[in-house]
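Let me begin by presenting the structure, written as structure tokens, before commenting on it.
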Amino acid sequence: MSCLTDEHLRIVDADEDYGTALGYARNALVGRDVLELTHPDDREINRERAEALIAGGAPFSITKRYIGADGRFFWVTNHISLFHAGTTRRMMATVELIDGPPADDEKRMLRKAAERILAKRRLRGQFFDDEMLGEPAFDLLLDLFAQDLAGRDTYTTSAAVASGAPLTTALRQIAMLVDRDWIVRDPDPNDRRRIRLRMTASGALQMRDYLLTAEGL
């Protein structure tokens, strides 16, 4: 399926398969900004790549999510090229439906989702007493999951801080999560006085499934 846009990313034409995939009639697509049909988390990179192409860059491919007329998200890979039609410029997108994001994209999205949820949970502390809403174990897991995806080491002290709980409470939560096989402790090979924390495979899988469901990824 394919879509044709002007240099401002407004749709000027689309084939029937493109409209069917998105759930729109062709005449309902013409004139719309293609970024309106793109998942908010994917719009910035889509815009940047398109602007680079317009400025003289090479054709490119981008894997992203579209938003259908029914509100569902689905994954595509768009192959974008630029051509001239008289004095105007057009971008042609050949669109390939795919089953899901590449592994690197999924890691990026999951990390952002974990950081976004954690930031919202921390924001609550500015408006409500921590004792009312505190869930240090879950905050710790969110932070540890995001750090693992970013390739950063997490140590006991920093994990305790991320939990937002007093140190003694945080240490009890860490011990509980170890007992439940959500996280493991590893001595730092460069400084055995420090203990690293990381999520187990089963813990990371359960957090992944939660975030994919909770965030509609």
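Residues are named by chain letter and number: chains run A, B, ... in the order of the structure tokens, numbers start at 1 in each chain, and ligands are numbered from 1 in the order shown.
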
(request) Might you pull out every residue within 9 Å of Tyr24 (chain A), with only C-alpha atoms counted and same-chain residues fewer than 6 positions away left off, and present them as an MDAnalysis selection string? (result) chainID A and resid 18 68:69

Could you write out that same residue set with N, CA, C and O atoms as a PDB file, in the first residue's frame?
ATOM      1  N   TYR A  18      -4.225   1.427   1.656  1.00  0.00           N
ATOM      2  CA  TYR A  18      -3.788   2.334   2.725  1.00  0.00           C
ATOM      3  C   TYR A  18      -5.006   2.801   3.528  1.00  0.00           C
ATOM      4  O   TYR A  18      -5.003   2.773   4.761  1.00  0.00           O
ATOM      5  N   GLY A  68      -5.317   3.832  13.839  1.00  0.00           N
ATOM      6  CA  GLY A  68      -6.454   3.599  12.971  1.00  0.00           C
ATOM      7  C   GLY A  68      -7.659   4.423  13.383  1.00  0.00           C
ATOM      8  O   GLY A  68      -7.688   5.039  14.462  1.00  0.00           O
ATOM      9  N   ALA A  69      -8.666   4.431  12.524  1.00  0.00           N
ATOM     10  CA  ALA A  69      -9.889   5.190  12.815  1.00  0.00           C
ATOM     11  C   ALA A  69     -10.578   4.705  14.077  1.00  0.00           C
ATOM     12  O   ALA A  69     -11.268   5.468  14.756  1.00  0.00           O
TER      13      ALA A  69
END

Residue neighbourhood Val76 (chain A), 10 Å, only C-alpha atoms, exclusion window fewer than 2 positions, as a PDB file with all heavy atoms, in the first residue's frame:
ATOM      1  N   ILE A  62      11.373   3.991   7.885  1.00  0.00           N
ATOM      2  CA  ILE A  62      11.071   4.233   9.289  1.00  0.00           C
ATOM      3  C   ILE A  62      10.019   3.229   9.745  1.00  0.00           C
ATOM      4  O   ILE A  62       9.026   2.995   9.053  1.00  0.00           O
ATOM      5  CB  ILE A  62      10.590   5.678   9.530  1.00  0.00           C
ATOM      6  CG1 ILE A  62      10.309   5.916  11.020  1.00  0.00           C
ATOM      7  CG2 ILE A  62       9.383   6.022   8.676  1.00  0.00           C
ATOM      8  CD1 ILE A  62      10.034   7.372  11.356  1.00  0.00           C
ATOM      9  N   THR A  63      10.264   2.616  10.878  1.00  0.00           N
ATOM     10  CA  THR A  63       9.296   1.726  11.495  1.00  0.00           C
ATOM     11  C   THR A  63       8.570   2.501  12.583  1.00  0.00           C
ATOM     12  O   THR A  63       9.206   3.100  13.453  1.00  0.00           O
ATOM     13  CB  THR A  63       9.978   0.479  12.087  1.00  0.00           C
ATOM     14  OG1 THR A  63      10.603  -0.249  11.022  1.00  0.00           O
ATOM     15  CG2 THR A  63       8.975  -0.425  12.782  1.00  0.00           C
ATOM     16  N   LYS A  64       7.243   2.518  12.502  1.00  0.00           N
ATOM     17  CA  LYS A  64       6.461   3.350  13.417  1.00  0.00           C
ATOM     18  C   LYS A  64       5.072   2.749  13.585  1.00  0.00           C
ATOM     19  O   LYS A  64       4.742   1.716  12.986  1.00  0.00           O
ATOM     20  CB  LYS A  64       6.351   4.774  12.869  1.00  0.00           C
ATOM     21  CG  LYS A  64       5.528   4.875  11.571  1.00  0.00           C
ATOM     22  CD  LYS A  64       5.312   6.326  11.169  1.00  0.00           C
ATOM     23  CE  LYS A  64       4.317   6.442  10.014  1.00  0.00           C
ATOM     24  NZ  LYS A  64       4.015   7.845   9.691  1.00  0.00           N
ATOM     25  N   ARG A  65       4.264   3.418  14.410  1.00  0.00           N
ATOM     26  CA  ARG A  65       2.890   2.992  14.630  1.00  0.00           C
ATOM     27  C   ARG A  65       1.919   3.995  14.019  1.00  0.00           C
ATOM     28  O   ARG A  65       2.071   5.194  14.203  1.00  0.00           O
ATOM     29  CB  ARG A  65       2.605   2.890  16.137  1.00  0.00           C
ATOM     30  CG  ARG A  65       3.261   1.726  16.828  1.00  0.00           C
ATOM     31  CD  ARG A  65       3.395   1.974  18.313  1.00  0.00           C
ATOM     32  NE  ARG A  65       4.392   2.998  18.588  1.00  0.00           N
ATOM     33  CZ  ARG A  65       4.702   3.435  19.810  1.00  0.00           C
ATOM     34  NH1 ARG A  65       4.066   2.954  20.856  1.00  0.00           N
ATOM     35  NH2 ARG A  65       5.632   4.355  19.969  1.00  0.00           N
ATOM     36  N   TYR A  66       0.937   3.468  13.293  1.00  0.00           N
ATOM     37  CA  TYR A  66      -0.189   4.270  12.855  1.00  0.00           C
ATOM     38  C   TYR A  66      -1.328   4.134  13.870  1.00  0.00           C
ATOM     39  O   TYR A  66      -1.429   3.132  14.592  1.00  0.00           O
ATOM     40  CB  TYR A  66      -0.700   3.805  11.494  1.00  0.00           C
ATOM     41  CG  TYR A  66      -0.017   4.425  10.300  1.00  0.00           C
ATOM     42  CD1 TYR A  66       0.499   3.621   9.280  1.00  0.00           C
ATOM     43  CD2 TYR A  66       0.080   5.796  10.167  1.00  0.00           C
ATOM     44  CE1 TYR A  66       1.108   4.171   8.164  1.00  0.00           C
ATOM     45  CE2 TYR A  66       0.683   6.361   9.058  1.00  0.00           C
ATOM     46  CZ  TYR A  66       1.198   5.553   8.068  1.00  0.00           C
ATOM     47  OH  TYR A  66       1.795   6.111   6.968  1.00  0.00           O
ATOM     48  N   PHE A  73      -3.612   0.840  17.538  1.00  0.00           N
ATOM     49  CA  PHE A  73      -2.287   1.078  16.981  1.00  0.00           C
ATOM     50  C   PHE A  73      -1.860  -0.147  16.171  1.00  0.00           C
ATOM     51  O   PHE A  73      -2.179  -1.280  16.529  1.00  0.00           O
ATOM     52  CB  PHE A  73      -1.261   1.301  18.088  1.00  0.00           C
ATOM     53  CG  PHE A  73      -1.598   2.433  19.020  1.00  0.00           C
ATOM     54  CD1 PHE A  73      -1.431   2.300  20.388  1.00  0.00           C
ATOM     55  CD2 PHE A  73      -2.090   3.628  18.535  1.00  0.00           C
ATOM     56  CE1 PHE A  73      -1.737   3.332  21.251  1.00  0.00           C
ATOM     57  CE2 PHE A  73      -2.404   4.666  19.387  1.00  0.00           C
ATOM     58  CZ  PHE A  73      -2.223   4.520  20.751  1.00  0.00           C
ATOM     59  N   PHE A  74      -1.156   0.078  15.093  1.00  0.00           N
ATOM     60  CA  PHE A  74      -0.550  -1.040  14.381  1.00  0.00           C
ATOM     61  C   PHE A  74       0.773  -0.593  13.777  1.00  0.00           C
ATOM     62  O   PHE A  74       0.981   0.580  13.466  1.00  0.00           O
ATOM     63  CB  PHE A  74      -1.498  -1.617  13.313  1.00  0.00           C
ATOM     64  CG  PHE A  74      -1.898  -0.650  12.228  1.00  0.00           C
ATOM     65  CD1 PHE A  74      -1.223  -0.609  11.020  1.00  0.00           C
ATOM     66  CD2 PHE A  74      -2.979   0.213  12.416  1.00  0.00           C
ATOM     67  CE1 PHE A  74      -1.603   0.273  10.019  1.00  0.00           C
ATOM     68  CE2 PHE A  74      -3.373   1.092  11.416  1.00  0.00           C
ATOM     69  CZ  PHE A  74      -2.687   1.123  10.214  1.00  0.00           C
ATOM     70  N   ASN A  78       7.632   2.213   6.766  1.00  0.00           N
ATOM     71  CA  ASN A  78       7.429   3.094   5.617  1.00  0.00           C
ATOM     72  C   ASN A  78       8.761   3.312   4.902  1.00  0.00           C
ATOM     73  O   ASN A  78       9.765   3.641   5.551  1.00  0.00           O
ATOM     74  CB  ASN A  78       6.880   4.450   6.058  1.00  0.00           C
ATOM     75  CG  ASN A  78       5.410   4.404   6.387  1.00  0.00           C
ATOM     76  OD1 ASN A  78       4.808   3.346   6.388  1.00  0.00           O
ATOM     77  ND2 ASN A  78       4.824   5.558   6.679  1.00  0.00           N
ATOM     78  N   HIS A  79       8.753   3.142   3.610  1.00  0.00           N
ATOM     79  CA  HIS A  79       9.926   3.423   2.768  1.00  0.00           C
ATOM     80  C   HIS A  79       9.626   4.725   2.024  1.00  0.00           C
ATOM     81  O   HIS A  79       8.718   4.777   1.184  1.00  0.00           O
ATOM     82  CB  HIS A  79      10.184   2.270   1.808  1.00  0.00           C
ATOM     83  CG  HIS A  79      10.286   0.929   2.489  1.00  0.00           C
ATOM     84  ND1 HIS A  79      11.406   0.538   3.184  1.00  0.00           N
ATOM     85  CD2 HIS A  79       9.383  -0.083   2.614  1.00  0.00           C
ATOM     86  CE1 HIS A  79      11.207  -0.673   3.695  1.00  0.00           C
ATOM     87  NE2 HIS A  79       9.991  -1.067   3.363  1.00  0.00           N
ATOM     88  N   THR A  94       5.892   3.939   0.597  1.00  0.00           N
ATOM     89  CA  THR A  94       5.444   2.567   0.384  1.00  0.00           C
ATOM     90  C   THR A  94       5.367   1.918   1.753  1.00  0.00           C
ATOM     91  O   THR A  94       6.363   1.877   2.491  1.00  0.00           O
ATOM     92  CB  THR A  94       6.416   1.802  -0.526  1.00  0.00           C
ATOM     93  OG1 THR A  94       6.531   2.489  -1.771  1.00  0.00           O
ATOM     94  CG2 THR A  94       5.929   0.385  -0.777  1.00  0.00           C
ATOM     95  N   VAL A  95       4.190   1.432   2.122  1.00  0.00           N
ATOM     96  CA  VAL A  95       3.907   1.040   3.502  1.00  0.00           C
ATOM     97  C   VAL A  95       3.803  -0.476   3.611  1.00  0.00           C
ATOM     98  O   VAL A  95       3.030  -1.113   2.886  1.00  0.00           O
ATOM     99  CB  VAL A  95       2.602   1.693   3.998  1.00  0.00           C
ATOM    100  CG1 VAL A  95       2.355   1.362   5.464  1.00  0.00           C
ATOM    101  CG2 VAL A  95       2.654   3.208   3.794  1.00  0.00           C
ATOM    102  N   GLU A  96       4.571  -1.026   4.536  1.00  0.00           N
ATOM    103  CA  GLU A  96       4.588  -2.473   4.771  1.00  0.00           C
ATOM    104  C   GLU A  96       4.073  -2.753   6.181  1.00  0.00           C
ATOM    105  O   GLU A  96       4.637  -2.265   7.171  1.00  0.00           O
ATOM    106  CB  GLU A  96       6.021  -2.985   4.612  1.00  0.00           C
ATOM    107  CG  GLU A  96       6.221  -4.436   4.944  1.00  0.00           C
ATOM    108  CD  GLU A  96       7.695  -4.828   4.947  1.00  0.00           C
ATOM    109  OE1 GLU A  96       8.549  -3.956   4.657  1.00  0.00           O
ATOM    110  OE2 GLU A  96       7.977  -5.993   5.257  1.00  0.00           O
ATOM    111  N   LEU A  97       3.007  -3.517   6.300  1.00  0.00           N
ATOM    112  CA  LEU A  97       2.496  -3.918   7.605  1.00  0.00           C
ATOM    113  C   LEU A  97       3.434  -4.947   8.236  1.00  0.00           C
ATOM    114  O   LEU A  97       3.881  -5.878   7.563  1.00  0.00           O
ATOM    115  CB  LEU A  97       1.098  -4.531   7.479  1.00  0.00           C
ATOM    116  CG  LEU A  97      -0.045  -3.577   7.137  1.00  0.00           C
ATOM    117  CD1 LEU A  97      -1.298  -4.381   6.796  1.00  0.00           C
ATOM    118  CD2 LEU A  97      -0.326  -2.635   8.290  1.00  0.00           C
ATOM    119  N   ILE A  98       3.735  -4.785   9.533  1.00  0.00           N
ATOM    120  CA  ILE A  98       4.587  -5.740  10.237  1.00  0.00           C
ATOM    121  C   ILE A  98       3.913  -6.145  11.545  1.00  0.00           C
ATOM    122  O   ILE A  98       2.988  -5.484  12.022  1.00  0.00           O
ATOM    123  CB  ILE A  98       5.991  -5.156  10.511  1.00  0.00           C
ATOM    124  CG1 ILE A  98       5.900  -3.899  11.370  1.00  0.00           C
ATOM    125  CG2 ILE A  98       6.719  -4.857   9.203  1.00  0.00           C
ATOM    126  CD1 ILE A  98       7.249  -3.342  11.777  1.00  0.00           C
ATOM    127  N   ASP A  99       4.380  -7.242  12.124  1.00  0.00           N
ATOM    128  CA  ASP A  99       3.729  -7.803  13.314  1.00  0.00           C
ATOM    129  C   ASP A  99       4.002  -7.012  14.587  1.00  0.00           C
ATOM    130  O   ASP A  99       3.214  -7.040  15.525  1.00  0.00           O
ATOM    131  CB  ASP A  99       4.184  -9.251  13.532  1.00  0.00           C
ATOM    132  CG  ASP A  99       3.665 -10.185  12.440  1.00  0.00           C
ATOM    133  OD1 ASP A  99       2.625  -9.850  11.839  1.00  0.00           O
ATOM    134  OD2 ASP A  99       4.303 -11.211  12.189  1.00  0.00           O
ATOM    135  N   GLY A 100       5.116  -6.306  14.645  1.00  0.00           N
ATOM    136  CA  GLY A 100       5.454  -5.582  15.865  1.00  0.00           C
ATOM    137  C   GLY A 100       6.752  -4.837  15.693  1.00  0.00           C
ATOM    138  O   GLY A 100       7.355  -4.854  14.618  1.00  0.00           O
ATOM    139  N   PRO A 101       7.207  -4.159  16.732  1.00  0.00           N
ATOM    140  CA  PRO A 101       8.405  -3.337  16.615  1.00  0.00           C
ATOM    141  C   PRO A 101       9.673  -4.171  16.568  1.00  0.00           C
ATOM    142  O   PRO A 101       9.714  -5.281  17.115  1.00  0.00           O
ATOM    143  CB  PRO A 101       8.368  -2.509  17.907  1.00  0.00           C
ATOM    144  CG  PRO A 101       7.688  -3.412  18.888  1.00  0.00           C
ATOM    145  CD  PRO A 101       6.642  -4.134  18.090  1.00  0.00           C
TER     146      PRO A 101
END

List as CSV every residue of region 25-124 of chain A that is in contact with region 203-208 of chain A, defined as an atom at most 12 Å from one of its atoms (using only C-alpha atoms), together with the nearest atom pair and the distance in Å rounded to one decimal, sorted by chain and then rising number.
residue,atom,partner,partner_atom,distance
A:Glu106,CA,A:Arg208,CA,9.5
A:Lys107,CA,A:Arg208,CA,9.3
A:Arg108,CA,A:Arg208,CA,11.8
A:Met109,CA,A:Arg208,CA,10.3
A:Leu110,CA,A:Arg208,CA,7.0
A:Arg111,CA,A:Arg208,CA,9.5
A:Lys112,CA,A:Arg208,CA,11.9
A:Ala113,CA,A:Arg208,CA,9.9
A:Ala114,CA,A:Met207,CA,9.0

(message) Given only C-alpha atoms as the basis, pick out the residue of A:Leu4, A:Ile67, A:Ile80, A:Ile45 nearest to Ala21 (chain A).
(response) A:Ile67

From region 46-135 of chain A, collect each residue whose DSSP state is helix (DSSP H, G or I) and return the set as a PDB file with C-alpha atoms, in the first residue's frame.
ATOM      1  CA  ASN A  46       9.115  10.908  11.622  1.00  0.00           C
ATOM      2  CA  ARG A  47       9.113  14.700  11.248  1.00  0.00           C
ATOM      3  CA  GLU A  48      12.900  14.935  11.609  1.00  0.00           C
ATOM      4  CA  ARG A  49      13.551  12.275   8.978  1.00  0.00           C
ATOM      5  CA  ALA A  50      11.073  13.862   6.540  1.00  0.00           C
ATOM      6  CA  GLU A  51      12.606  17.311   6.998  1.00  0.00           C
ATOM      7  CA  ALA A  52      16.068  15.883   6.342  1.00  0.00           C
ATOM      8  CA  LEU A  53      14.789  14.294   3.125  1.00  0.00           C
ATOM      9  CA  ILE A  54      13.210  17.570   1.975  1.00  0.00           C
ATOM     10  CA  ALA A 103      13.771  -5.343  19.286  1.00  0.00           C
ATOM     11  CA  ASP A 104      15.612  -2.029  19.691  1.00  0.00           C
ATOM     12  CA  ASP A 105      12.404  -0.037  19.194  1.00  0.00           C
ATOM     13  CA  GLU A 106      10.575  -2.143  21.744  1.00  0.00           C
ATOM     14  CA  LYS A 107      13.328  -1.591  24.306  1.00  0.00           C
ATOM     15  CA  ARG A 108      13.189   2.164  23.712  1.00  0.00           C
ATOM     16  CA  MET A 109       9.406   2.261  24.068  1.00  0.00           C
ATOM     17  CA  LEU A 110       9.382   0.092  27.188  1.00  0.00           C
ATOM     18  CA  ARG A 111      12.082   2.200  28.831  1.00  0.00           C
ATOM     19  CA  LYS A 112      10.159   5.407  28.070  1.00  0.00           C
ATOM     20  CA  ALA A 113       6.946   3.857  29.377  1.00  0.00           C
ATOM     21  CA  ALA A 114       8.602   2.798  32.641  1.00  0.00           C
ATOM     22  CA  GLU A 115      10.183   6.245  33.078  1.00  0.00           C
ATOM     23  CA  ARG A 116       6.879   7.978  32.283  1.00  0.00           C
ATOM     24  CA  ILE A 117       4.934   5.945  34.851  1.00  0.00           C
ATOM     25  CA  LEU A 118       7.650   6.419  37.470  1.00  0.00           C
ATOM     26  CA  ALA A 119       7.711  10.179  36.883  1.00  0.00           C
ATOM     27  CA  LYS A 120       3.932  10.381  37.330  1.00  0.00           C
ATOM     28  CA  ARG A 121       4.129   8.351  40.521  1.00  0.00           C
ATOM     29  CA  ARG A 122       6.837  10.640  41.898  1.00  0.00           C
ATOM     30  CA  LEU A 123       4.758  13.671  40.974  1.00  0.00           C
ATOM     31  CA  ARG A 124       2.045  12.472  43.331  1.00  0.00           C
ATOM     32  CA  ASP A 130       3.711   9.573  50.651  1.00  0.00           C
ATOM     33  CA  GLU A 131       2.171   7.416  53.368  1.00  0.00           C
ATOM     34  CA  MET A 132      -1.156   7.490  51.497  1.00  0.00           C
ATOM     35  CA  LEU A 133       0.145   6.239  48.156  1.00  0.00           C
TER      36      LEU A 133
END

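The smallest atom-to-atom distance between Asp188 (chain A) and any of A:Asn27, A:Thr156, A:Thr20, A:Thr168, using only C-alpha atoms, is found for A:Thr156.
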
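If you look at CA of Ala146 (chain A) and CA of Asp186 (chain A), they are 17.9 Å away from each other.
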